[in-house]
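Printed here is structure.txt (compact mmCIF, C-alpha atoms and all ligand atoms):
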```txt
# COMPACT_ATOMS: atom_id res chain seq x y z
CA MET M 1 -5.21 -64.55 -35.76
CA SER M 2 -7.51 -62.58 -33.42
CA GLU M 3 -6.15 -60.94 -30.31
CA GLN M 4 -5.63 -62.94 -27.12
CA ARG M 5 -8.16 -62.63 -24.31
CA ILE M 6 -7.99 -64.05 -20.81
CA PHE M 7 -10.88 -66.30 -19.78
CA VAL M 8 -10.77 -67.64 -16.23
CA VAL M 9 -13.35 -70.31 -15.26
CA LEU M 10 -13.96 -70.57 -11.50
CA LEU M 11 -14.99 -74.08 -10.45
CA GLY M 12 -16.29 -75.30 -7.10
CA VAL M 13 -19.46 -76.46 -5.35
CA PRO M 14 -22.23 -73.93 -4.76
CA GLY M 15 -21.07 -71.94 -1.74
CA ALA M 16 -17.35 -72.45 -2.39
CA GLY M 17 -16.98 -68.68 -2.68
CA LYS M 18 -16.89 -68.28 -6.46
CA GLY M 19 -19.04 -65.13 -6.47
CA THR M 20 -17.13 -63.40 -3.67
CA GLN M 21 -13.78 -64.28 -5.21
CA ALA M 22 -14.87 -63.39 -8.76
CA LYS M 23 -15.82 -59.89 -7.59
CA LEU M 24 -12.40 -59.43 -5.95
CA LEU M 25 -10.62 -60.77 -9.03
CA GLU M 26 -12.63 -58.34 -11.13
CA GLN M 27 -11.17 -55.49 -9.08
CA SER M 28 -7.59 -56.73 -9.24
CA THR M 29 -7.50 -57.87 -12.90
CA GLY M 30 -9.98 -55.46 -14.48
CA LEU M 31 -11.68 -58.42 -16.18
CA PRO M 32 -15.47 -58.46 -15.71
CA GLN M 33 -17.17 -61.12 -13.59
CA ILE M 34 -19.76 -62.99 -15.64
CA SER M 35 -22.14 -64.76 -13.27
CA THR M 36 -24.86 -66.65 -15.14
CA GLY M 37 -26.75 -66.99 -11.83
CA ASP M 38 -26.70 -63.18 -11.40
CA ILE M 39 -27.92 -62.67 -14.98
CA PHE M 40 -30.78 -65.12 -14.41
CA ARG M 41 -31.67 -63.45 -11.08
CA TYR M 42 -31.66 -60.02 -12.76
CA ASN M 43 -34.06 -61.33 -15.41
CA LEU M 44 -36.23 -62.96 -12.76
CA LYS M 45 -36.48 -59.71 -10.84
CA ASN M 46 -37.40 -57.78 -13.97
CA GLN M 47 -39.83 -60.48 -15.09
CA THR M 48 -38.37 -60.78 -18.59
CA GLU M 49 -39.18 -63.76 -20.82
CA LEU M 50 -35.78 -65.21 -19.94
CA GLY M 51 -36.52 -64.77 -16.23
CA LYS M 52 -39.91 -66.48 -16.52
CA LEU M 53 -38.34 -69.37 -18.37
CA ALA M 54 -35.51 -69.78 -15.84
CA LYS M 55 -37.67 -69.50 -12.71
CA SER M 56 -38.92 -73.08 -12.33
CA TYR M 57 -35.44 -74.52 -12.88
CA MET M 58 -33.86 -72.13 -10.40
CA ASP M 59 -36.55 -72.74 -7.78
CA ARG M 60 -35.74 -76.46 -7.88
CA GLY M 61 -31.99 -75.91 -8.04
CA ASP M 62 -31.81 -77.51 -11.50
CA LEU M 63 -29.85 -76.19 -14.45
CA VAL M 64 -31.58 -73.90 -16.93
CA PRO M 65 -31.52 -75.59 -20.38
CA ASP M 66 -28.20 -75.39 -22.21
CA ASN M 67 -29.47 -73.75 -25.40
CA VAL M 68 -30.84 -70.81 -23.40
CA THR M 69 -27.79 -70.48 -21.14
CA ILE M 70 -25.24 -70.81 -23.92
CA ARG M 71 -26.96 -68.19 -26.08
CA MET M 72 -27.12 -65.85 -23.10
CA VAL M 73 -23.36 -66.18 -22.52
CA GLU M 74 -22.59 -65.71 -26.23
CA ASP M 75 -24.54 -62.43 -26.12
CA ARG M 76 -22.81 -61.34 -22.91
CA LEU M 77 -19.35 -61.93 -24.41
CA GLN M 78 -20.21 -59.51 -27.25
CA GLN M 79 -20.33 -56.63 -24.76
CA PRO M 80 -17.39 -54.21 -24.99
CA ASP M 81 -16.29 -54.84 -21.39
CA CYS M 82 -15.27 -58.39 -22.44
CA GLU M 83 -12.69 -57.20 -24.93
CA ARG M 84 -9.83 -58.42 -22.69
CA GLY M 85 -11.61 -61.54 -21.45
CA ALA M 86 -13.72 -62.39 -18.39
CA ILE M 87 -13.93 -64.19 -15.05
CA MET M 88 -16.60 -66.91 -15.46
CA ASP M 89 -18.60 -67.58 -12.30
CA GLY M 90 -21.13 -70.43 -12.63
CA PHE M 91 -20.54 -71.14 -16.32
CA PRO M 92 -19.77 -73.62 -17.83
CA ARG M 93 -21.70 -76.02 -15.58
CA ASN M 94 -21.72 -79.22 -17.63
CA LEU M 95 -19.76 -80.75 -20.52
CA MET M 96 -22.12 -79.41 -23.18
CA GLN M 97 -21.56 -75.86 -21.93
CA ALA M 98 -17.81 -76.45 -21.60
CA THR M 99 -17.44 -77.55 -25.22
CA ALA M 100 -19.60 -74.61 -26.34
CA PHE M 101 -17.39 -72.27 -24.31
CA ASP M 102 -14.26 -73.74 -25.89
CA LYS M 103 -15.71 -72.86 -29.30
CA MET M 104 -16.63 -69.33 -28.17
CA THR M 105 -13.18 -68.65 -26.78
CA ALA M 106 -11.07 -70.53 -29.38
CA PRO M 107 -10.50 -67.40 -31.52
CA TYR M 108 -8.98 -65.69 -28.46
CA GLY M 109 -6.67 -68.45 -27.25
CA GLY M 110 -9.23 -70.58 -25.36
CA VAL M 111 -9.65 -70.88 -21.59
CA HIS M 112 -6.61 -69.57 -19.72
CA VAL M 113 -6.99 -71.33 -16.36
CA THR M 114 -9.69 -73.06 -14.26
CA PRO M 115 -9.11 -72.65 -10.52
CA LEU M 116 -11.05 -75.22 -8.47
CA ILE M 117 -12.01 -73.73 -5.10
CA GLN M 118 -12.23 -76.68 -2.70
CA VAL M 119 -14.55 -76.77 0.31
CA GLU M 120 -16.29 -79.66 2.15
CA ASP M 121 -20.05 -80.15 1.64
CA ASP M 122 -20.95 -79.50 5.31
CA GLU M 123 -19.12 -76.21 5.15
CA THR M 124 -20.84 -75.16 1.91
CA ILE M 125 -24.27 -75.87 3.41
CA ARG M 126 -23.35 -73.71 6.41
CA ARG M 127 -22.07 -70.99 4.13
CA ILE M 128 -25.02 -70.99 1.77
CA THR M 129 -27.76 -71.03 4.37
CA GLY M 130 -26.11 -68.03 6.12
CA ARG M 131 -25.56 -66.14 2.88
CA ARG M 132 -27.27 -62.78 2.32
CA SER M 133 -27.18 -60.72 -0.89
CA CYS M 134 -27.88 -57.07 -1.59
CA ARG M 135 -31.05 -56.57 -3.63
CA THR M 136 -29.63 -53.62 -5.49
CA CYS M 137 -25.88 -54.14 -6.04
CA GLY M 138 -25.55 -57.91 -5.55
CA ALA M 139 -22.80 -57.69 -2.88
CA VAL M 140 -22.66 -60.93 -0.89
CA TYR M 141 -22.36 -61.33 2.91
CA HIS M 142 -22.60 -64.11 5.49
CA VAL M 143 -24.40 -63.67 8.80
CA LEU M 144 -21.42 -65.13 10.72
CA TYR M 145 -18.35 -65.17 8.45
CA ASN M 146 -18.71 -61.88 6.62
CA PRO M 147 -21.47 -59.81 8.27
CA SER M 148 -22.51 -56.38 7.02
CA LYS M 149 -21.80 -53.47 9.40
CA ARG M 150 -25.54 -52.98 10.01
CA VAL M 151 -27.77 -56.04 10.12
CA GLY M 152 -29.74 -56.42 6.89
CA VAL M 153 -28.12 -53.38 5.22
CA CYS M 154 -25.48 -53.45 2.47
CA ASN M 155 -22.14 -51.75 3.27
CA VAL M 156 -21.69 -50.71 -0.35
CA ASP M 157 -24.94 -48.97 -1.27
CA GLY M 158 -27.25 -49.29 1.77
CA GLY M 159 -29.51 -51.73 -0.11
CA GLU M 160 -31.63 -54.35 1.65
CA LEU M 161 -29.98 -57.73 2.25
CA TYR M 162 -32.05 -60.84 1.50
CA GLN M 163 -31.69 -64.60 1.37
CA ARG M 164 -31.91 -66.10 -2.14
CA ASP M 165 -34.91 -68.47 -2.48
CA ASP M 166 -32.60 -71.20 -3.76
CA ASP M 167 -30.36 -70.85 -0.68
CA GLN M 168 -32.92 -72.72 1.49
CA GLU M 169 -31.53 -76.05 2.69
CA ALA M 170 -33.70 -78.43 0.56
CA THR M 171 -32.80 -76.59 -2.64
CA VAL M 172 -29.16 -76.40 -1.62
CA ARG M 173 -29.04 -80.21 -1.31
CA ASN M 174 -30.44 -80.57 -4.83
CA ARG M 175 -27.93 -78.00 -6.13
CA LEU M 176 -25.11 -80.09 -4.61
CA PHE M 177 -26.55 -83.22 -6.24
CA VAL M 178 -26.72 -81.43 -9.61
CA TYR M 179 -23.15 -80.22 -9.09
CA TYR M 180 -21.74 -83.71 -8.52
CA LYS M 181 -23.69 -85.19 -11.40
CA GLN M 182 -23.25 -82.50 -14.05
CA THR M 183 -20.53 -80.04 -13.08
CA ALA M 184 -17.93 -82.23 -11.34
CA PRO M 185 -17.02 -83.97 -14.66
CA LEU M 186 -15.56 -80.63 -15.74
CA ILE M 187 -12.75 -81.17 -13.24
CA GLY M 188 -11.48 -84.09 -15.33
CA TYR M 189 -12.18 -82.22 -18.55
CA TYR M 190 -9.98 -79.25 -17.62
CA TYR M 191 -7.39 -81.40 -15.82
CA ALA M 192 -6.84 -83.26 -19.11
CA LYS M 193 -6.25 -79.90 -20.80
CA GLY M 194 -3.61 -79.07 -18.18
CA ILE M 195 -5.36 -75.90 -16.96
CA LEU M 196 -6.94 -77.07 -13.69
CA ARG M 197 -5.47 -75.54 -10.50
CA GLU M 198 -6.64 -76.47 -7.01
CA VAL M 199 -7.11 -73.75 -4.42
CA ASP M 200 -7.91 -74.36 -0.73
CA GLY M 201 -11.27 -72.62 -0.26
CA THR M 202 -11.34 -73.01 3.53
CA GLN M 203 -8.86 -70.14 4.08
CA SER M 204 -9.97 -66.57 4.82
CA ILE M 205 -11.50 -64.61 1.93
CA GLU M 206 -8.18 -62.74 1.52
CA GLY M 207 -6.20 -66.00 1.70
CA VAL M 208 -8.26 -67.58 -1.07
CA GLN M 209 -7.95 -64.42 -3.13
CA GLN M 210 -4.15 -64.43 -2.85
CA ALA M 211 -3.99 -68.07 -3.90
CA LEU M 212 -6.28 -67.33 -6.84
CA ARG M 213 -4.22 -64.38 -7.98
CA ALA M 214 -1.16 -66.59 -7.92
CA VAL M 215 -2.75 -69.21 -10.20
CA VAL M 216 -4.42 -66.69 -12.51
CA ALA M 217 -1.05 -64.89 -12.79
CA ILE M 218 -1.85 -62.13 -15.23
P1 LIG M 301 -25.63 -69.65 -9.00
O1 LIG M 301 -25.89 -68.24 -8.60
O2 LIG M 301 -24.42 -69.80 -9.88
O3 LIG M 301 -25.61 -70.60 -7.84
O4 LIG M 301 -26.87 -70.09 -9.94
C1 LIG M 301 -28.20 -70.08 -9.45
C2 LIG M 301 -29.08 -70.90 -10.38
O5 LIG M 301 -29.10 -70.31 -11.70
C3 LIG M 301 -28.64 -72.35 -10.59
O6 LIG M 301 -29.09 -73.21 -9.57
C4 LIG M 301 -29.31 -72.65 -11.94
O7 LIG M 301 -30.70 -72.87 -11.80
C5 LIG M 301 -29.13 -71.33 -12.69
N1 LIG M 301 -27.83 -71.31 -13.42
C6 LIG M 301 -26.75 -70.53 -13.14
N2 LIG M 301 -25.74 -70.79 -14.00
C7 LIG M 301 -26.19 -71.76 -14.82
C8 LIG M 301 -25.61 -72.47 -15.92
N3 LIG M 301 -24.35 -72.23 -16.32
N4 LIG M 301 -26.37 -73.40 -16.54
C9 LIG M 301 -27.63 -73.65 -16.16
N5 LIG M 301 -28.23 -73.04 -15.13
C10 LIG M 301 -27.52 -72.09 -14.46
```
Would you mind writing the file's structure down as structure tokens?
Amino acid sequence: MSEQRIFVVLLGVPGAGKGTQAKLLEQSTGLPQISTGDIFRYNLKNQTELGKLAKSYMDRGDLVPDNVTIRMVEDRLQQPDCERGAIMDGFPRNLMQATAFDKMTAPYGGVHVTPLIQVEDDETIRRITGRRSCRTCGAVYHVLYNPSKRVGVCNVDGGELYQRDDDQEATVRNRLFVYYKQTAPLIGYYYAKGILREVDGTQSIEGVQQALRAVVAI
């Protein structure tokens, strides 16, 4: 029997706060945040083969093909920082990925818990269209709800803040459509396994974080 690892899968519509909360959970648990969206964006920025392949899907707000995404996550989990587990942010995103992830994590005790961060669609559209990210460190802000101290400048490393191309409203609506069609079935999938936990995502960032820590309970 291999050693146990803790894998937390954050679920919720785009804009529910998964990235913000995953970063905070990373600090409190010491488990690394694995954001497939961040890995794709990094590859896009550096114009790697993976980035070129992912670009057209990301521009439309569609999912990058499963074979590519699953292999990318398998590679990421081989890194030494995953030796205690990981906080999954944006993966799995459909049933194919979820079953693949079950296989990847089975030797380590499987998925520990899947918190579902719940937020209304109108609110997520407001959140996403006001979202700004740091080009260099990836820290995430919101022009109204979580502004940086200086407009357009990251508090952490002074990097430039920008709006993700796929955070424009038309793409956001397609991302929500893709979420309901492909990702929402995971709610039933994990509920049936007894590891789904609902968290009210409309609270303050700290409030959501406290609720998450309580359900992750490690
Ligand atoms: P996110 O930052 O999680 O909102 O992801 C941004 C974009 O990256 C998505 O709209 C997809 O095009 C792509 N992406 C991220 N995670 C996945 C995934 N698990 N499967 C397929 N595509 C993904």
Hey, could you make a per-residue contact list for stretch 27-126 of chain M against stretch 193-216 of chain M with 6 Å as the cut-off, showing the nearest pair of atoms and its distance in Å to one decimal, counting only C-alpha atoms, sorted by chain and number, as CSV?
```
residue,atom,partner,partner_atom,distance
M:Val113,CA,M:Ile195,CA,4.9
M:Thr114,CA,M:Leu196,CA,4.9
M:Pro115,CA,M:Arg197,CA,4.6
M:Leu116,CA,M:Glu198,CA,4.8
M:Ile117,CA,M:Val199,CA,4.9
M:Gln118,CA,M:Gly201,CA,4.8
M:Val119,CA,M:Gly201,CA,5.3
```
What do you get as a PDB file with C-alpha atoms, in the coordinates of the input if you pick all residues at most 9 Å from ligand LIG 301 (chain M), counting all atoms listed in the file?
```pdb
ATOM      1  CA  VAL M  13     -19.460 -76.460  -5.350  1.00  0.00           C
ATOM      2  CA  PRO M  14     -22.230 -73.930  -4.760  1.00  0.00           C
ATOM      3  CA  GLY M  15     -21.070 -71.940  -1.740  1.00  0.00           C
ATOM      4  CA  LYS M  18     -16.890 -68.280  -6.460  1.00  0.00           C
ATOM      5  CA  GLY M  19     -19.040 -65.130  -6.470  1.00  0.00           C
ATOM      6  CA  SER M  35     -22.140 -64.760 -13.270  1.00  0.00           C
ATOM      7  CA  THR M  36     -24.860 -66.650 -15.140  1.00  0.00           C
ATOM      8  CA  GLY M  37     -26.750 -66.990 -11.830  1.00  0.00           C
ATOM      9  CA  ASP M  38     -26.700 -63.180 -11.400  1.00  0.00           C
ATOM     10  CA  ILE M  39     -27.920 -62.670 -14.980  1.00  0.00           C
ATOM     11  CA  PHE M  40     -30.780 -65.120 -14.410  1.00  0.00           C
ATOM     12  CA  ARG M  41     -31.670 -63.450 -11.080  1.00  0.00           C
ATOM     13  CA  ALA M  54     -35.510 -69.780 -15.840  1.00  0.00           C
ATOM     14  CA  LYS M  55     -37.670 -69.500 -12.710  1.00  0.00           C
ATOM     15  CA  SER M  56     -38.920 -73.080 -12.330  1.00  0.00           C
ATOM     16  CA  TYR M  57     -35.440 -74.520 -12.880  1.00  0.00           C
ATOM     17  CA  MET M  58     -33.860 -72.130 -10.400  1.00  0.00           C
ATOM     18  CA  ASP M  59     -36.550 -72.740  -7.780  1.00  0.00           C
ATOM     19  CA  ARG M  60     -35.740 -76.460  -7.880  1.00  0.00           C
ATOM     20  CA  GLY M  61     -31.990 -75.910  -8.040  1.00  0.00           C
ATOM     21  CA  ASP M  62     -31.810 -77.510 -11.500  1.00  0.00           C
ATOM     22  CA  LEU M  63     -29.850 -76.190 -14.450  1.00  0.00           C
ATOM     23  CA  VAL M  64     -31.580 -73.900 -16.930  1.00  0.00           C
ATOM     24  CA  PRO M  65     -31.520 -75.590 -20.380  1.00  0.00           C
ATOM     25  CA  ASP M  66     -28.200 -75.390 -22.210  1.00  0.00           C
ATOM     26  CA  VAL M  68     -30.840 -70.810 -23.400  1.00  0.00           C
ATOM     27  CA  THR M  69     -27.790 -70.480 -21.140  1.00  0.00           C
ATOM     28  CA  ILE M  70     -25.240 -70.810 -23.920  1.00  0.00           C
ATOM     29  CA  VAL M  73     -23.360 -66.180 -22.520  1.00  0.00           C
ATOM     30  CA  ASP M  89     -18.600 -67.580 -12.300  1.00  0.00           C
ATOM     31  CA  GLY M  90     -21.130 -70.430 -12.630  1.00  0.00           C
ATOM     32  CA  PHE M  91     -20.540 -71.140 -16.320  1.00  0.00           C
ATOM     33  CA  PRO M  92     -19.770 -73.620 -17.830  1.00  0.00           C
ATOM     34  CA  ARG M  93     -21.700 -76.020 -15.580  1.00  0.00           C
ATOM     35  CA  ASN M  94     -21.720 -79.220 -17.630  1.00  0.00           C
ATOM     36  CA  GLN M  97     -21.560 -75.860 -21.930  1.00  0.00           C
ATOM     37  CA  ASP M 166     -32.600 -71.200  -3.760  1.00  0.00           C
ATOM     38  CA  ASP M 167     -30.360 -70.850  -0.680  1.00  0.00           C
ATOM     39  CA  THR M 171     -32.800 -76.590  -2.640  1.00  0.00           C
ATOM     40  CA  VAL M 172     -29.160 -76.400  -1.620  1.00  0.00           C
ATOM     41  CA  ASN M 174     -30.440 -80.570  -4.830  1.00  0.00           C
ATOM     42  CA  ARG M 175     -27.930 -78.000  -6.130  1.00  0.00           C
ATOM     43  CA  VAL M 178     -26.720 -81.430  -9.610  1.00  0.00           C
TER      44      VAL M 178
END
```
| request: Would you mind reading off the distance between atom CA of M:Arg76 and atom CA of M:Ile34, one decimal, in Å? | output: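 That distance, rounded to one decimal, is 8.1 Å.
Nearest to M:Cys137 of all the residues M:Asp165, M:Thr183, M:Ile125, M:Cys154 is M:Cys154, based on all atoms listed in the file.
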| Nearest candidate to M:Gly12 (options M:Cys134, M:Met104, M:Leu186, M:Val143; using all atoms listed in the file) |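 Distance minimum relative to M:Gly12 lands on M:Leu186.
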| field | M:Arg150, M:Lys23, M:Arg173, M:Arg84 ranked by distance to M:Thr105, top pick (using all atoms listed in the file) | value |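 Using all atoms listed in the file, the shortest distance to M:Thr105 belongs to M:Arg84.
One finds atom CA of M:Glu49 at 23.3 Å from atom CA of M:Met96.
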| query | Quick one: distance from atom CA of M:Leu24 to atom CA of M:Gln4 in Å, one decimal? | reply |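 One can read the atom CA of M:Leu24 to atom CA of M:Gln4 distance as 22.5 Å.
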| Closest to M:Ile218 among M:Ala192, M:Leu25, M:Val9, M:Ala100, using only C-alpha atoms? | M:Leu25
| request: Show me as a PyMOL selection string the residues that reach within 7 Å of (-10.6, -64.8, -27.3), counting all atoms listed in the file and using the file's own coordinates. | output: chain M and resi 3-5+85+105-110
| query | In terms of the shortest atom-to-atom distance over only C-alpha atoms, which of M:Asn46, M:His142, M:Ser28, M:Pro80 is closest to M:Thr124? | reply |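 Closest to M:Thr124, using only C-alpha atoms: M:His142.
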| message | Counting all atoms listed in the file, find residues at most 10 Å from (-28.3, -73.1, 6.5) (file frame) and give them as a count of residues only. | response | 15
| request: Counting only C-alpha atoms, figure out which residue out of M:Tyr191, M:Asn67, M:Gly30, M:Thr20 gets nearest to M:Arg132. | output: M:Thr20
Since the input lacks atoms, please generate all heavy atoms for stretch 75-86 of chain M and provide them as an mmCIF file, in the coordinates of the input.
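And here is the file that came out, out.cif:
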```cif
data_model
loop_
_atom_site.group_PDB
_atom_site.id
_atom_site.type_symbol
_atom_site.label_atom_id
_atom_site.label_comp_id
_atom_site.auth_asym_id
_atom_site.auth_seq_id
_atom_site.Cartn_x
_atom_site.Cartn_y
_atom_site.Cartn_z
ATOM 1 N N ASP M 75 -24.140 -63.852 -26.039
ATOM 2 C CA ASP M 75 -24.540 -62.430 -26.120
ATOM 3 C C ASP M 75 -23.710 -61.591 -25.155
ATOM 4 O O ASP M 75 -23.244 -60.512 -25.504
ATOM 5 C CB ASP M 75 -26.018 -62.255 -25.734
ATOM 6 C CG ASP M 75 -26.941 -62.776 -26.817
ATOM 7 O OD1 ASP M 75 -26.444 -63.088 -27.917
ATOM 8 O OD2 ASP M 75 -28.157 -62.898 -26.547
ATOM 9 N N ARG M 76 -23.532 -62.105 -23.936
ATOM 10 C CA ARG M 76 -22.810 -61.340 -22.910
ATOM 11 C C ARG M 76 -21.360 -61.080 -23.344
ATOM 12 O O ARG M 76 -20.811 -60.002 -23.107
ATOM 13 C CB ARG M 76 -22.862 -62.108 -21.575
ATOM 14 C CG ARG M 76 -22.142 -61.443 -20.421
ATOM 15 C CD ARG M 76 -22.786 -60.132 -20.016
ATOM 16 N NE ARG M 76 -22.014 -59.423 -19.007
ATOM 17 C CZ ARG M 76 -20.993 -58.615 -19.271
ATOM 18 N NH1 ARG M 76 -20.613 -58.388 -20.520
ATOM 19 N NH2 ARG M 76 -20.338 -58.000 -18.293
ATOM 20 N N LEU M 77 -20.761 -62.081 -24.016
ATOM 21 C CA LEU M 77 -19.350 -61.930 -24.410
ATOM 22 C C LEU M 77 -19.177 -60.908 -25.542
ATOM 23 O O LEU M 77 -18.055 -60.480 -25.821
ATOM 24 C CB LEU M 77 -18.758 -63.278 -24.836
ATOM 25 C CG LEU M 77 -18.565 -64.306 -23.712
ATOM 26 C CD1 LEU M 77 -17.914 -65.574 -24.257
ATOM 27 C CD2 LEU M 77 -17.723 -63.757 -22.568
ATOM 28 N N GLN M 78 -20.286 -60.535 -26.192
ATOM 29 C CA GLN M 78 -20.210 -59.510 -27.250
ATOM 30 C C GLN M 78 -20.081 -58.103 -26.665
ATOM 31 O O GLN M 78 -19.780 -57.157 -27.384
ATOM 32 C CB GLN M 78 -21.478 -59.513 -28.120
ATOM 33 C CG GLN M 78 -21.790 -60.823 -28.817
ATOM 34 C CD GLN M 78 -20.674 -61.257 -29.722
ATOM 35 O OE1 GLN M 78 -20.125 -60.446 -30.463
ATOM 36 N NE2 GLN M 78 -20.294 -62.519 -29.624
ATOM 37 N N GLN M 79 -20.365 -57.966 -25.364
ATOM 38 C CA GLN M 79 -20.330 -56.630 -24.760
ATOM 39 C C GLN M 79 -18.891 -56.104 -24.729
ATOM 40 O O GLN M 79 -17.946 -56.878 -24.564
ATOM 41 C CB GLN M 79 -20.858 -56.669 -23.313
ATOM 42 C CG GLN M 79 -22.273 -57.204 -23.164
ATOM 43 C CD GLN M 79 -23.293 -56.309 -23.838
ATOM 44 O OE1 GLN M 79 -23.247 -55.088 -23.674
ATOM 45 N NE2 GLN M 79 -24.180 -56.909 -24.615
ATOM 46 N N PRO M 80 -18.739 -54.786 -24.889
ATOM 47 C CA PRO M 80 -17.390 -54.210 -24.990
ATOM 48 C C PRO M 80 -16.518 -54.464 -23.765
ATOM 49 O O PRO M 80 -15.292 -54.527 -23.887
ATOM 50 C CB PRO M 80 -17.643 -52.707 -25.175
ATOM 51 C CG PRO M 80 -19.109 -52.498 -25.160
ATOM 52 C CD PRO M 80 -19.811 -53.807 -25.099
ATOM 53 N N ASP M 81 -17.128 -54.648 -22.576
ATOM 54 C CA ASP M 81 -16.290 -54.840 -21.390
ATOM 55 C C ASP M 81 -15.573 -56.197 -21.411
ATOM 56 O O ASP M 81 -14.683 -56.434 -20.589
ATOM 57 C CB ASP M 81 -17.088 -54.666 -20.090
ATOM 58 C CG ASP M 81 -18.203 -55.690 -19.936
ATOM 59 O OD1 ASP M 81 -18.672 -56.213 -20.962
ATOM 60 O OD2 ASP M 81 -18.597 -55.971 -18.795
ATOM 61 N N CYS M 82 -15.926 -57.070 -22.360
ATOM 62 C CA CYS M 82 -15.270 -58.390 -22.440
ATOM 63 C C CYS M 82 -14.117 -58.384 -23.442
ATOM 64 O O CYS M 82 -13.627 -59.457 -23.813
ATOM 65 C CB CYS M 82 -16.274 -59.468 -22.836
ATOM 66 S SG CYS M 82 -17.604 -59.656 -21.651
ATOM 67 N N GLU M 83 -13.690 -57.217 -23.863
ATOM 68 C CA GLU M 83 -12.690 -57.200 -24.930
ATOM 69 C C GLU M 83 -11.311 -57.695 -24.493
ATOM 70 O O GLU M 83 -10.462 -57.977 -25.342
ATOM 71 C CB GLU M 83 -12.596 -55.808 -25.574
ATOM 72 C CG GLU M 83 -12.102 -54.759 -24.626
ATOM 73 C CD GLU M 83 -12.217 -53.349 -25.204
ATOM 74 O OE1 GLU M 83 -12.741 -53.195 -26.322
ATOM 75 O OE2 GLU M 83 -11.763 -52.430 -24.512
ATOM 76 N N ARG M 84 -11.100 -57.816 -23.162
ATOM 77 C CA ARG M 84 -9.830 -58.420 -22.690
ATOM 78 C C ARG M 84 -10.043 -59.809 -22.125
ATOM 79 O O ARG M 84 -9.093 -60.492 -21.763
ATOM 80 C CB ARG M 84 -9.189 -57.523 -21.625
ATOM 81 C CG ARG M 84 -8.616 -56.209 -22.192
ATOM 82 C CD ARG M 84 -7.972 -55.377 -21.080
ATOM 83 N NE ARG M 84 -7.141 -56.183 -20.211
ATOM 84 C CZ ARG M 84 -7.283 -56.257 -18.879
ATOM 85 N NH1 ARG M 84 -8.189 -55.552 -18.260
ATOM 86 N NH2 ARG M 84 -6.491 -57.032 -18.169
ATOM 87 N N GLY M 85 -11.315 -60.224 -22.018
ATOM 88 C CA GLY M 85 -11.610 -61.540 -21.450
ATOM 89 C C GLY M 85 -12.626 -61.411 -20.334
ATOM 90 O O GLY M 85 -13.322 -60.397 -20.244
ATOM 91 N N ALA M 86 -12.722 -62.420 -19.459
ATOM 92 C CA ALA M 86 -13.720 -62.390 -18.390
ATOM 93 C C ALA M 86 -13.407 -63.451 -17.337
ATOM 94 O O ALA M 86 -12.663 -64.402 -17.587
ATOM 95 C CB ALA M 86 -15.124 -62.644 -18.956
#
```
